>>> print(open('query_5.pdb').read())   # PDB, C-alpha atoms
ATOM      1  CA  MET T  61      97.216  73.084  72.319
ATOM      2  CA  ASN T  62      99.737  72.539  75.110
ATOM      3  CA  SER T  63      98.474  72.964  78.649
ATOM      4  CA  ILE T  64      99.997  75.592  80.940
ATOM      5  CA  GLN T  65     102.224  74.152  83.665
ATOM      6  CA  ASP T  66     101.057  74.109  87.285
ATOM      7  CA  THR T  67     103.977  76.334  88.302
ATOM      8  CA  GLU T  68     102.882  78.989  85.782
ATOM      9  CA  LEU T  69      99.148  78.989  86.521
ATOM     10  CA  ILE T  70      98.597  78.428  90.229
ATOM     11  CA  LEU T  71      95.100  77.392  91.286
ATOM     12  CA  THR T  72      93.476  76.588  94.610
ATOM     13  CA  LYS T  73      91.957  73.181  95.399
ATOM     14  CA  GLU T  74      88.609  74.688  94.367
ATOM     15  CA  LYS T  75      90.067  75.564  90.926
ATOM     16  CA  LYS T  76      90.116  79.287  91.587
ATOM     17  CA  ILE T  77      92.996  81.579  90.696
ATOM     18  CA  TYR T  78      95.403  81.622  93.629
ATOM     19  CA  HIS T  79      95.909  85.241  94.764
ATOM     20  CA  LEU T  80      92.447  86.621  94.015
ATOM     21  CA  ASN T  81      90.693  83.367  95.031
ATOM     22  CA  ILE T  82      87.866  83.893  92.528
ATOM     23  CA  ASP T  83      86.536  82.274  89.349
ATOM     24  CA  LYS T  84      84.954  83.676  86.179
ATOM     25  CA  ASP T  85      81.391  83.553  87.517
ATOM     26  CA  GLN T  86      82.261  85.819  90.446
ATOM     27  CA  ILE T  87      83.277  88.905  88.456
ATOM     28  CA  SER T  88      81.628  91.308  86.052
ATOM     29  CA  ASN T  89      82.999  92.561  82.727
ATOM     30  CA  ASN T  90      83.102  96.011  84.377
ATOM     31  CA  ILE T  91      85.690  95.994  87.150
ATOM     32  CA  ILE T  92      86.623  98.924  89.382
ATOM     33  CA  LEU T  93      90.158  98.581  90.751
ATOM     34  CA  VAL T  94      91.249 100.345  93.951
ATOM     35  CA  GLY T  95      94.489 100.187  95.905
ATOM     36  CA  ASP T  96      92.991 100.321  99.403
ATOM     37  CA  GLN T  97      91.028  97.207 100.400
ATOM     38  CA  ASP T  98      88.727  99.339 102.601
ATOM     39  CA  ARG T  99      87.735 101.278  99.490
ATOM     40  CA  VAL T 100      85.984  98.177  98.110
ATOM     41  CA  CYS T 101      83.323  98.564 100.821
ATOM     42  CA  GLN T 102      83.209 102.278 100.045
ATOM     43  CA  ILE T 103      82.094 101.257  96.541
ATOM     44  CA  SER T 104      79.841  98.296  97.325
ATOM     45  CA  LYS T 105      77.883 100.232  99.954
ATOM     46  CA  HIS T 106      76.243 101.915  96.963
ATOM     47  CA  PHE T 107      75.160  98.569  95.433
ATOM     48  CA  GLU T 108      71.509  97.641  95.827
ATOM     49  CA  TYR T 109      72.539  93.989  95.890
ATOM     50  CA  ILE T 110      75.860  92.226  96.583
ATOM     51  CA  GLU T 111      76.331  88.788  95.013
ATOM     52  CA  ASN T 112      79.594  87.838  96.663
ATOM     53  CA  GLN T 113      82.316  89.145  98.969
ATOM     54  CA  ILE T 114      85.687  87.391  98.816
ATOM     55  CA  GLN T 115      89.044  88.163 100.420
ATOM     56  CA  HIS T 116      92.492  86.588 100.182
ATOM     57  CA  ARG T 117      95.445  88.573 101.538
ATOM     58  CA  GLU T 118      95.034  92.218 100.444
ATOM     59  CA  PHE T 119      92.815  91.241  97.512
ATOM     60  CA  VAL T 120      89.134  91.924  98.237
ATOM     61  CA  THR T 121      86.418  91.354  95.642
ATOM     62  CA  HIS T 122      82.787  92.494  95.865
ATOM     63  CA  THR T 123      80.435  91.913  92.920
ATOM     64  CA  GLY T 124      76.930  93.308  92.846
ATOM     65  CA  LEU T 125      74.331  95.458  91.133
ATOM     66  CA  TYR T 126      74.239  99.234  90.882
ATOM     67  CA  LYS T 127      71.054 100.520  89.224
ATOM     68  CA  GLY T 128      70.761  97.207  87.416
ATOM     69  CA  LYS T 129      74.387  97.212  86.199
ATOM     70  CA  ARG T 130      76.589  94.302  87.337
ATOM     71  CA  ILE T 131      79.893  95.677  88.646
ATOM     72  CA  SER T 132      82.875  94.229  90.490
ATOM     73  CA  ALA T 133      85.140  96.157  92.836
ATOM     74  CA  ILE T 134      88.578  94.655  93.535
ATOM     75  CA  SER T 135      91.438  95.909  95.697
ATOM     76  CA  THR T 136      94.910  95.561  94.229
ATOM     77  CA  GLY T 137      97.136  96.787  97.031
ATOM     78  CA  ILE T 138      99.748  99.439  96.293
ATOM     79  CA  GLY T 139     102.230  99.334  93.424
ATOM     80  CA  CYS T 140     102.887  97.905  89.981
ATOM     81  CA  ASP T 141     104.017  94.530  91.351
ATOM     82  CA  ASN T 142     100.507  93.997  92.738
ATOM     83  CA  ILE T 143      98.941  95.211  89.497
ATOM     84  CA  ASP T 144     101.001  92.554  87.699
ATOM     85  CA  ILE T 145      99.301  89.891  89.836
ATOM     86  CA  VAL T 146      95.782  91.285  89.553
ATOM     87  CA  ILE T 147      95.679  91.956  85.800
ATOM     88  CA  ASN T 148      97.317  88.665  84.843
ATOM     89  CA  GLU T 149      94.958  86.750  87.128
ATOM     90  CA  LEU T 150      91.825  88.575  85.939
ATOM     91  CA  ASP T 151      92.779  87.800  82.352
ATOM     92  CA  ALA T 152      93.474  84.175  83.255
ATOM     93  CA  ILE T 153      90.056  83.860  84.910
ATOM     94  CA  VAL T 154      88.189  84.856  81.740
ATOM     95  CA  ASN T 155      90.555  83.643  79.012
ATOM     96  CA  ILE T 156      92.060  80.376  80.295
ATOM     97  CA  ASP T 157      90.139  77.131  80.814
ATOM     98  CA  PHE T 158      91.094  76.077  84.346
ATOM     99  CA  LYS T 159      90.072  72.438  83.751
ATOM    100  CA  THR T 160      92.386  71.899  80.782
ATOM    101  CA  LYS T 161      94.768  74.777  81.577
ATOM    102  CA  THR T 162      94.617  75.888  77.954
ATOM    103  CA  ILE T 163      93.947  79.333  76.484
ATOM    104  CA  ARG T 164      90.400  79.840  75.260
ATOM    105  CA  LYS T 165      89.957  80.500  71.526
ATOM    106  CA  GLN T 166      87.237  83.084  72.180
ATOM    107  CA  LYS T 167      88.741  85.921  74.226
ATOM    108  CA  LYS T 168      86.734  88.019  76.671
ATOM    109  CA  ILE T 169      87.356  91.760  77.012
ATOM    110  CA  LEU T 170      87.167  93.400  80.440
ATOM    111  CA  ASN T 171      86.729  97.083  81.264
ATOM    112  CA  LEU T 172      89.314  97.812  83.974
ATOM    113  CA  ILE T 173      88.588 101.134  85.681
ATOM    114  CA  ARG T 174      91.007 102.284  88.356
ATOM    115  CA  ILE T 175      89.798 104.748  91.003
ATOM    116  CA  GLY T 176      92.830 106.139  92.806
ATOM    117  CA  THR T 177      94.216 108.975  94.850
ATOM    118  CA  SER T 178      97.096 111.080  93.625
ATOM    119  CA  GLY T 179      99.227 114.168  94.079
ATOM    120  CA  SER T 180      98.941 117.038  91.607
ATOM    121  CA  LEU T 181     102.051 118.254  89.770
ATOM    122  CA  GLN T 182     100.502 121.431  88.340
ATOM    123  CA  LYS T 183      99.593 124.591  90.278
ATOM    124  CA  ASP T 184      96.233 124.860  88.500
ATOM    125  CA  VAL T 185      95.082 121.333  89.495
ATOM    126  CA  PRO T 186      93.648 121.844  92.997
ATOM    127  CA  VAL T 187      93.120 119.327  95.775
ATOM    128  CA  ASP T 188      89.704 117.631  95.839
ATOM    129  CA  SER T 189      89.463 117.754  92.038
ATOM    130  CA  PHE T 190      89.360 114.743  89.687
ATOM    131  CA  LEU T 191      91.826 113.767  86.942
ATOM    132  CA  MET T 192      91.487 111.216  84.156
ATOM    133  CA  SER T 193      94.753 109.688  82.960
ATOM    134  CA  LYS T 194      94.794 110.133  79.190
ATOM    135  CA  TYR T 195      98.328 108.738  79.269
ATOM    136  CA  ALA T 196     100.231 106.828  81.917
ATOM    137  CA  LEU T 197     103.971 107.463  82.201
ATOM    138  CA  GLY T 198     105.734 104.511  83.773
ATOM    139  CA  PHE T 199     108.956 104.643  85.796
ATOM    140  CA  ASP T 200     108.363 101.119  87.125
ATOM    141  CA  GLY T 201     110.138  99.128  84.410
ATOM    142  CA  LEU T 202     107.446  96.434  84.261
ATOM    143  CA  ALA T 203     106.827  96.829  80.527
ATOM    144  CA  HIS T 204     110.460  95.983  79.780
ATOM    145  CA  PHE T 205     109.982  92.427  81.088
ATOM    146  CA  HIS T 206     107.595  91.662  78.193
ATOM    147  CA  GLN T 207     108.249  90.993  74.514
ATOM    148  CA  ASN T 208     105.107  92.692  73.200
ATOM    149  CA  THR T 209     105.448  96.467  73.555
ATOM    150  CA  ASP T 210     103.025  97.483  70.787
ATOM    151  CA  CYS T 211     100.826  99.513  73.147
ATOM    152  CA  ILE T 212     103.698 101.797  74.170
ATOM    153  CA  HIS T 213     103.261 105.216  72.564
ATOM    154  CA  LYS T 214     106.706 105.576  71.009
ATOM    155  CA  THR T 215     106.560 109.256  69.963
ATOM    156  CA  ILE T 216     105.490 110.755  73.281
ATOM    157  CA  THR T 217     107.786 108.349  75.150
ATOM    158  CA  SER T 218     110.725 109.566  73.090
ATOM    159  CA  ALA T 219     109.729 113.191  73.659
ATOM    160  CA  PHE T 220     109.647 112.715  77.434
ATOM    161  CA  ASN T 221     112.966 110.872  77.570
ATOM    162  CA  LYS T 222     114.604 113.646  75.565
ATOM    163  CA  HIS T 223     113.092 116.306  77.852
ATOM    164  CA  ALA T 224     113.967 114.541  81.106
ATOM    165  CA  LYS T 225     117.522 113.427  80.267
ATOM    166  CA  TRP T 226     116.600 110.357  82.307
ATOM    167  CA  PRO T 227     119.486 108.735  84.252
ATOM    168  CA  SER T 228     120.802 105.619  82.502
ATOM    169  CA  ASN T 229     120.947 103.613  85.752
ATOM    170  CA  LEU T 230     117.135 103.805  86.158
ATOM    171  CA  SER T 231     114.465 101.922  84.214
ATOM    172  CA  LYS T 232     113.650 103.647  80.947
ATOM    173  CA  PRO T 233     110.286 105.459  81.164
ATOM    174  CA  TYR T 234     107.449 104.403  78.866
ATOM    175  CA  MET T 235     104.088 105.937  77.962
ATOM    176  CA  VAL T 236     100.759 104.182  77.280
ATOM    177  CA  LYS T 237      97.497 105.861  76.295
ATOM    178  CA  ALA T 238      94.187 104.978  77.962
ATOM    179  CA  SER T 239      91.672 102.981  75.936
ATOM    180  CA  GLU T 240      89.698 105.192  73.560
ATOM    181  CA  SER T 241      86.372 103.537  74.423
ATOM    182  CA  LEU T 242      86.784 104.379  78.119
ATOM    183  CA  LEU T 243      88.114 107.884  77.447
ATOM    184  CA  HIS T 244      84.857 108.450  75.577
ATOM    185  CA  LYS T 245      82.675 106.783  78.250
ATOM    186  CA  PHE T 246      84.161 108.898  81.049
ATOM    187  CA  SER T 247      84.507 112.131  79.098
ATOM    188  CA  GLY T 248      83.972 115.278  81.130
ATOM    189  CA  PHE T 249      86.818 114.764  83.566
ATOM    190  CA  LYS T 250      89.954 116.905  83.268
ATOM    191  CA  GLU T 251      92.605 114.907  81.381
ATOM    192  CA  GLY T 252      96.347 114.692  81.822
ATOM    193  CA  ILE T 253      99.422 112.495  81.861
ATOM    194  CA  THR T 254      99.755 110.500  85.068
ATOM    195  CA  ALA T 255     103.258 109.598  86.226
ATOM    196  CA  THR T 256     103.464 106.160  87.831
ATOM    197  CA  ALA T 257     106.265 105.953  90.393
ATOM    198  CA  SER T 258     107.952 102.788  91.665
ATOM    199  CA  GLY T 259     107.700 104.002  95.276
ATOM    200  CA  PHE T 260     106.124 106.645  97.492
ATOM    201  CA  TYR T 261     109.127 108.536  98.845
ATOM    202  CA  SER T 262     112.288 109.210  96.792
ATOM    203  CA  PRO T 263     110.701 107.922  93.546
ATOM    204  CA  GLN T 264     108.154 110.728  93.934
ATOM    205  CA  GLY T 265     110.724 113.323  94.975
ATOM    206  CA  ARG T 266     110.015 113.097  98.718
ATOM    207  CA  HIS T 267     112.946 113.620 101.061
ATOM    208  CA  LEU T 268     112.894 112.279 104.617
ATOM    209  CA  ARG T 269     116.261 110.812 105.682
ATOM    210  CA  LEU T 270     117.259 109.502 102.243
ATOM    211  CA  ALA T 271     117.753 112.090  99.511
ATOM    212  CA  PRO T 272     116.282 111.297  96.056
ATOM    213  CA  SER T 273     118.737 110.766  93.202
ATOM    214  CA  ILE T 274     116.673 113.152  91.020
ATOM    215  CA  PRO T 275     116.373 116.286  93.220
ATOM    216  CA  ASN T 276     114.466 118.274  90.578
ATOM    217  CA  MET T 277     111.885 115.562  89.824
ATOM    218  CA  HIS T 278     108.860 117.863  90.132
ATOM    219  CA  GLU T 279     110.387 120.480  87.824
ATOM    220  CA  ILE T 280     111.229 117.836  85.201
ATOM    221  CA  LEU T 281     107.682 116.528  85.251
ATOM    222  CA  ASN T 282     105.608 119.700  85.428
ATOM    223  CA  THR T 283     107.546 121.427  82.631
ATOM    224  CA  PHE T 284     106.972 118.626  80.098
ATOM    225  CA  GLU T 285     104.363 119.208  77.404
ATOM    226  CA  TYR T 286     103.507 117.247  74.275
ATOM    227  CA  LYS T 287     100.759 118.532  71.960
ATOM    228  CA  LYS T 288      99.113 120.335  74.912
ATOM    229  CA  ASN T 289      99.347 117.213  77.103
ATOM    230  CA  LYS T 290     100.997 117.936  80.462
ATOM    231  CA  ILE T 291     102.031 115.676  83.336
ATOM    232  CA  THR T 292      99.349 116.442  85.884
ATOM    233  CA  ASN T 293      99.776 113.987  88.750
ATOM    234  CA  PHE T 294     101.712 111.222  90.506
ATOM    235  CA  GLU T 295     100.482 107.790  91.599
ATOM    236  CA  MET T 296     101.775 104.194  91.665
ATOM    237  CA  GLU T 297      99.728 101.815  89.472
ATOM    238  CA  SER T 298      98.466 103.199  86.156
ATOM    239  CA  SER T 299     101.336 102.479  83.761
ATOM    240  CA  ALA T 300     101.336  98.776  84.668
ATOM    241  CA  LEU T 301      97.535  98.678  84.432
ATOM    242  CA  TYR T 302      97.575 100.286  80.979
ATOM    243  CA  PHE T 303     100.448  98.212  79.634
ATOM    244  CA  LEU T 304      99.315  94.808  80.919
ATOM    245  CA  GLY T 305      95.600  95.377  80.424
ATOM    246  CA  GLN T 306      95.896  96.556  76.847
ATOM    247  CA  SER T 307      98.592  94.020  75.911
ATOM    248  CA  LEU T 308      96.094  91.340  76.959
ATOM    249  CA  GLY T 309      93.287  92.962  74.961
ATOM    250  CA  HIS T 310      91.327  94.686  77.743
ATOM    251  CA  ASN T 311      90.174  98.298  78.111
ATOM    252  CA  THR T 312      91.858 100.432  80.782
ATOM    253  CA  ILE T 313      91.364 103.838  82.394
ATOM    254  CA  THR T 314      92.443 105.572  85.611
ATOM    255  CA  ILE T 315      90.538 108.396  87.268
ATOM    256  CA  CYS T 316      92.050 109.860  90.431
ATOM    257  CA  ALA T 317      90.949 112.131  93.226
ATOM    258  CA  VAL T 318      93.645 114.736  93.856
ATOM    259  CA  ILE T 319      94.338 114.694  97.598
ATOM    260  CA  GLY T 320      97.530 116.758  97.581
ATOM    261  CA  ASN T 321      99.203 119.393  95.422
ATOM    262  CA  ARG T 322     102.953 118.786  95.402
ATOM    263  CA  ILE T 323     103.703 122.201  93.909
ATOM    264  CA  ASN T 324     101.432 124.342  96.109
ATOM    265  CA  LYS T 325     102.130 122.155  99.195
ATOM    266  CA  THR T 326      98.415 121.801  99.967
ATOM    267  CA  GLN T 327      96.560 118.733 101.240
ATOM    268  CA  SER T 328      92.882 117.689 101.210
ATOM    269  CA  LYS T 329      91.059 118.195 104.499
ATOM    270  CA  ASN T 330      88.659 115.296 103.923
ATOM    271  CA  TYR T 331      89.916 113.079 101.092
ATOM    272  CA  LYS T 332      87.511 110.199 101.891
ATOM    273  CA  GLU T 333      84.566 112.467 101.103
ATOM    274  CA  THR T 334      86.261 113.470  97.837
ATOM    275  CA  VAL T 335      86.849 109.827  96.910
ATOM    276  CA  ASP T 336      83.224 108.968  97.676
ATOM    277  CA  LYS T 337      82.040 111.708  95.307
ATOM    278  CA  LEU T 338      84.326 110.287  92.613
ATOM    279  CA  ILE T 339      83.033 106.753  93.206
ATOM    280  CA  ILE T 340      79.439 107.890  92.654
ATOM    281  CA  GLU T 341      80.399 109.702  89.432
ATOM    282  CA  ILE T 342      82.160 106.582  88.133
ATOM    283  CA  LEU T 343      79.272 104.272  89.065
ATOM    284  CA  GLU T 344      76.846 106.571  87.233
ATOM    285  CA  LYS T 345      78.956 106.532  84.056
ATOM    286  CA  ILE T 346      79.638 102.783  83.834
TER     287      ILE T 346
END
>>> encode(input="query_5.pdb", output="structure tokens")
Amino acid sequence: MNSIQDTELILTKEKKIYHLNIDKDQISNNIILVGDQDRVCQISKHFEYIENQIQHREFVTHTGLYKGKRISAISTGIGCDNIDIVINELDAIVNIDFKTKTIRKQKKILNLIRIGTSGSLQKDVPVDSFLMSKYALGFDGLAHFHQNTDCIHKTITSAFNKHAKWPSNLSKPYMVKASESLLHKFSGFKEGITATASGFYSPQGRHLRLAPSIPNMHEILNTFEYKKNKITNFEMESSALYFLGQSLGHNTITICAVIGNRINKTQSKNYKETVDKLIIEILEKI
């Protein structure tokens, strides 16, 4: 088997993956992903024991034990470009031999569980509630840079594109379903379709000094329905997580705390407390 070139797989002098600065012994099979690096401590403060704490740039990794279960918490930073780095590097850590730079024959499967914050797109989804992303709807375009698109749900993607009359000058939206095993493990949360935006302002219909090119974004999204599945919330990472994670053979899920309702124009008064409640629920279910 041909070895992977140094320019494709970048390692540190200690033979750790470059951006995350970790190796396979420093992570669990169960990994909680968060955007905010401070949220890693918000998770690991619940561990009874912390094995390691590592930071490089915005990527923070804490691995430890929660009620006897080995769990890692890793910050990704904001956006699909950062998710591209994190998921590819996590897969490389467990499925590529760093000594020979060859792909391992026996593949390891990770459970990648994103805990995020998001804005609701439905009047009946209040702030300080929790949402599990049954599907992730991607506006980021990342999936289109890859040859393997088997995990894209073609029927619901086509239904959304027909409904939205999506502008041809923007990346074509795509839809990926969460992993069935994790949907079952975390059952009990309200489910919906999570829209993943490529930015925080105009891509999510916000208008400060620059007007968005799709002025009726919220109406387009909250009026879509496919077999009783509605678009419930906005965030910035899930479609890339679902596409990359599942294309590489891993299990993926996103569960968000709703900290704002874009339709009702309401905002959480104490979102950190809401996120902490969600963290405990996730830790209990892993």
>>> closest_atom_pairs(input="query_5.pdb", of="segment 267-326 of chain T", to="segment 217-237 of chain T", cutoff="12 Å", atoms="all atoms listed in the file", output="JSON lines")
{"residue": "T:Ser273", "atom": "CA", "partner": "T:Pro227", "partner_atom": "CA", "distance": 9.2}
{"residue": "T:Ile274", "atom": "CA", "partner": "T:Pro227", "partner_atom": "CA", "distance": 8.6}
{"residue": "T:Asn276", "atom": "CA", "partner": "T:Ala224", "partner_atom": "CA", "distance": 10.2}
{"residue": "T:Met277", "atom": "CA", "partner": "T:Ala224", "partner_atom": "CA", "distance": 9.0}
{"residue": "T:His278", "atom": "CA", "partner": "T:Ala224", "partner_atom": "CA", "distance": 10.9}
{"residue": "T:Glu279", "atom": "CA", "partner": "T:Ala224", "partner_atom": "CA", "distance": 9.7}
{"residue": "T:Ile280", "atom": "CA", "partner": "T:Ala224", "partner_atom": "CA", "distance": 5.9}
{"residue": "T:Leu281", "atom": "CA", "partner": "T:Ala224", "partner_atom": "CA", "distance": 7.8}
{"residue": "T:Asn282", "atom": "CA", "partner": "T:Ala224", "partner_atom": "CA", "distance": 10.7}
{"residue": "T:Thr283", "atom": "CA", "partner": "T:His223", "partner_atom": "CA", "distance": 8.9}
{"residue": "T:Phe284", "atom": "CA", "partner": "T:His223", "partner_atom": "CA", "distance": 6.9}
{"residue": "T:Glu285", "atom": "CA", "partner": "T:Phe220", "partner_atom": "CA", "distance": 8.4}
{"residue": "T:Tyr286", "atom": "CA", "partner": "T:Ala219", "partner_atom": "CA", "distance": 7.5}
{"residue": "T:Lys287", "atom": "CA", "partner": "T:Ala219", "partner_atom": "CA", "distance": 10.6}
{"residue": "T:Asn289", "atom": "CA", "partner": "T:Phe220", "partner_atom": "CA", "distance": 11.2}
{"residue": "T:Lys290", "atom": "CA", "partner": "T:Phe220", "partner_atom": "CA", "distance": 10.5}
{"residue": "T:Ile291", "atom": "CA", "partner": "T:Phe220", "partner_atom": "CA", "distance": 10.1}
{"residue": "T:Ser298", "atom": "CA", "partner": "T:Val236", "partner_atom": "CA", "distance": 9.2}
{"residue": "T:Ser299", "atom": "CA", "partner": "T:Val236", "partner_atom": "CA", "distance": 6.7}
{"residue": "T:Ala300", "atom": "CA", "partner": "T:Val236", "partner_atom": "CA", "distance": 9.2}
{"residue": "T:Leu301", "atom": "CA", "partner": "T:Val236", "partner_atom": "CA", "distance": 9.6}
{"residue": "T:Tyr302", "atom": "CA", "partner": "T:Val236", "partner_atom": "CA", "distance": 6.2}
{"residue": "T:Phe303", "atom": "CA", "partner": "T:Val236", "partner_atom": "CA", "distance": 6.4}
{"residue": "T:Leu304", "atom": "CA", "partner": "T:Val236", "partner_atom": "CA", "distance": 10.2}
{"residue": "T:Gly305", "atom": "CA", "partner": "T:Val236", "partner_atom": "CA", "distance": 10.7}
{"residue": "T:Gln306", "atom": "CA", "partner": "T:Val236", "partner_atom": "CA", "distance": 9.1}
{"residue": "T:Ser307", "atom": "CA", "partner": "T:Val236", "partner_atom": "CA", "distance": 10.5}
{"residue": "T:Asn311", "atom": "CA", "partner": "T:Lys237", "partner_atom": "CA", "distance": 10.7}
{"residue": "T:Thr312", "atom": "CA", "partner": "T:Lys237", "partner_atom": "CA", "distance": 9.0}
{"residue": "T:Ile313", "atom": "CA", "partner": "T:Lys237", "partner_atom": "CA", "distance": 8.9}
{"residue": "T:Thr314", "atom": "CA", "partner": "T:Lys237", "partner_atom": "CA", "distance": 10.6}
>>> closest_residue(input="query_5.pdb", among="T:Ser258, T:Ser104, T:Gln65, T:Ser247", to="Ile143 of chain T", atoms="all atoms listed in the file")
T:Ser258
>>> closest_residue(input="query_5.pdb", among="T:Ile138, T:Cys101, T:Leu170, T:Val185", to="His122 of chain T", atoms="only C-alpha atoms")
T:Cys101
>>> residues_near_point(input="query_5.pdb", point="(99.3, 113.7, 84.7)", cutoff="9 Å", atoms="all atoms listed in the file", output="ChimeraX atom specification")
/T:180-182,191-197,251-255,281-282,289-294
>>> write_last_selection(input="query_5.pdb", atoms="C-alpha atoms", output="short mmCIF file (atom, residue, chain, number, x, y, z; two decimals), in the frame of the given file")
data_model
loop_
_atom_site.label_atom_id
_atom_site.label_comp_id
_atom_site.auth_asym_id
_atom_site.auth_seq_id
_atom_site.Cartn_x
_atom_site.Cartn_y
_atom_site.Cartn_z
CA SER T 180 98.94 117.04 91.61
CA LEU T 181 102.05 118.25 89.77
CA GLN T 182 100.50 121.43 88.34
CA LEU T 191 91.83 113.77 86.94
CA MET T 192 91.49 111.22 84.16
CA SER T 193 94.75 109.69 82.96
CA LYS T 194 94.79 110.13 79.19
CA TYR T 195 98.33 108.74 79.27
CA ALA T 196 100.23 106.83 81.92
CA LEU T 197 103.97 107.46 82.20
CA GLU T 251 92.60 114.91 81.38
CA GLY T 252 96.35 114.69 81.82
CA ILE T 253 99.42 112.50 81.86
CA THR T 254 99.76 110.50 85.07
CA ALA T 255 103.26 109.60 86.23
CA LEU T 281 107.68 116.53 85.25
CA ASN T 282 105.61 119.70 85.43
CA ASN T 289 99.35 117.21 77.10
CA LYS T 290 101.00 117.94 80.46
CA ILE T 291 102.03 115.68 83.34
CA THR T 292 99.35 116.44 85.88
CA ASN T 293 99.78 113.99 88.75
CA PHE T 294 101.71 111.22 90.51
#
>>> residues_around(input="query_5.pdb", residues="Ile91 of chain T", least_positions_apart="3", cutoff="7 Å", atoms="only C-alpha atoms", output="list in words")
Ser88, Ile131, Ser132, Ala133, Asn171, Leu172 and Ile173 of chain T
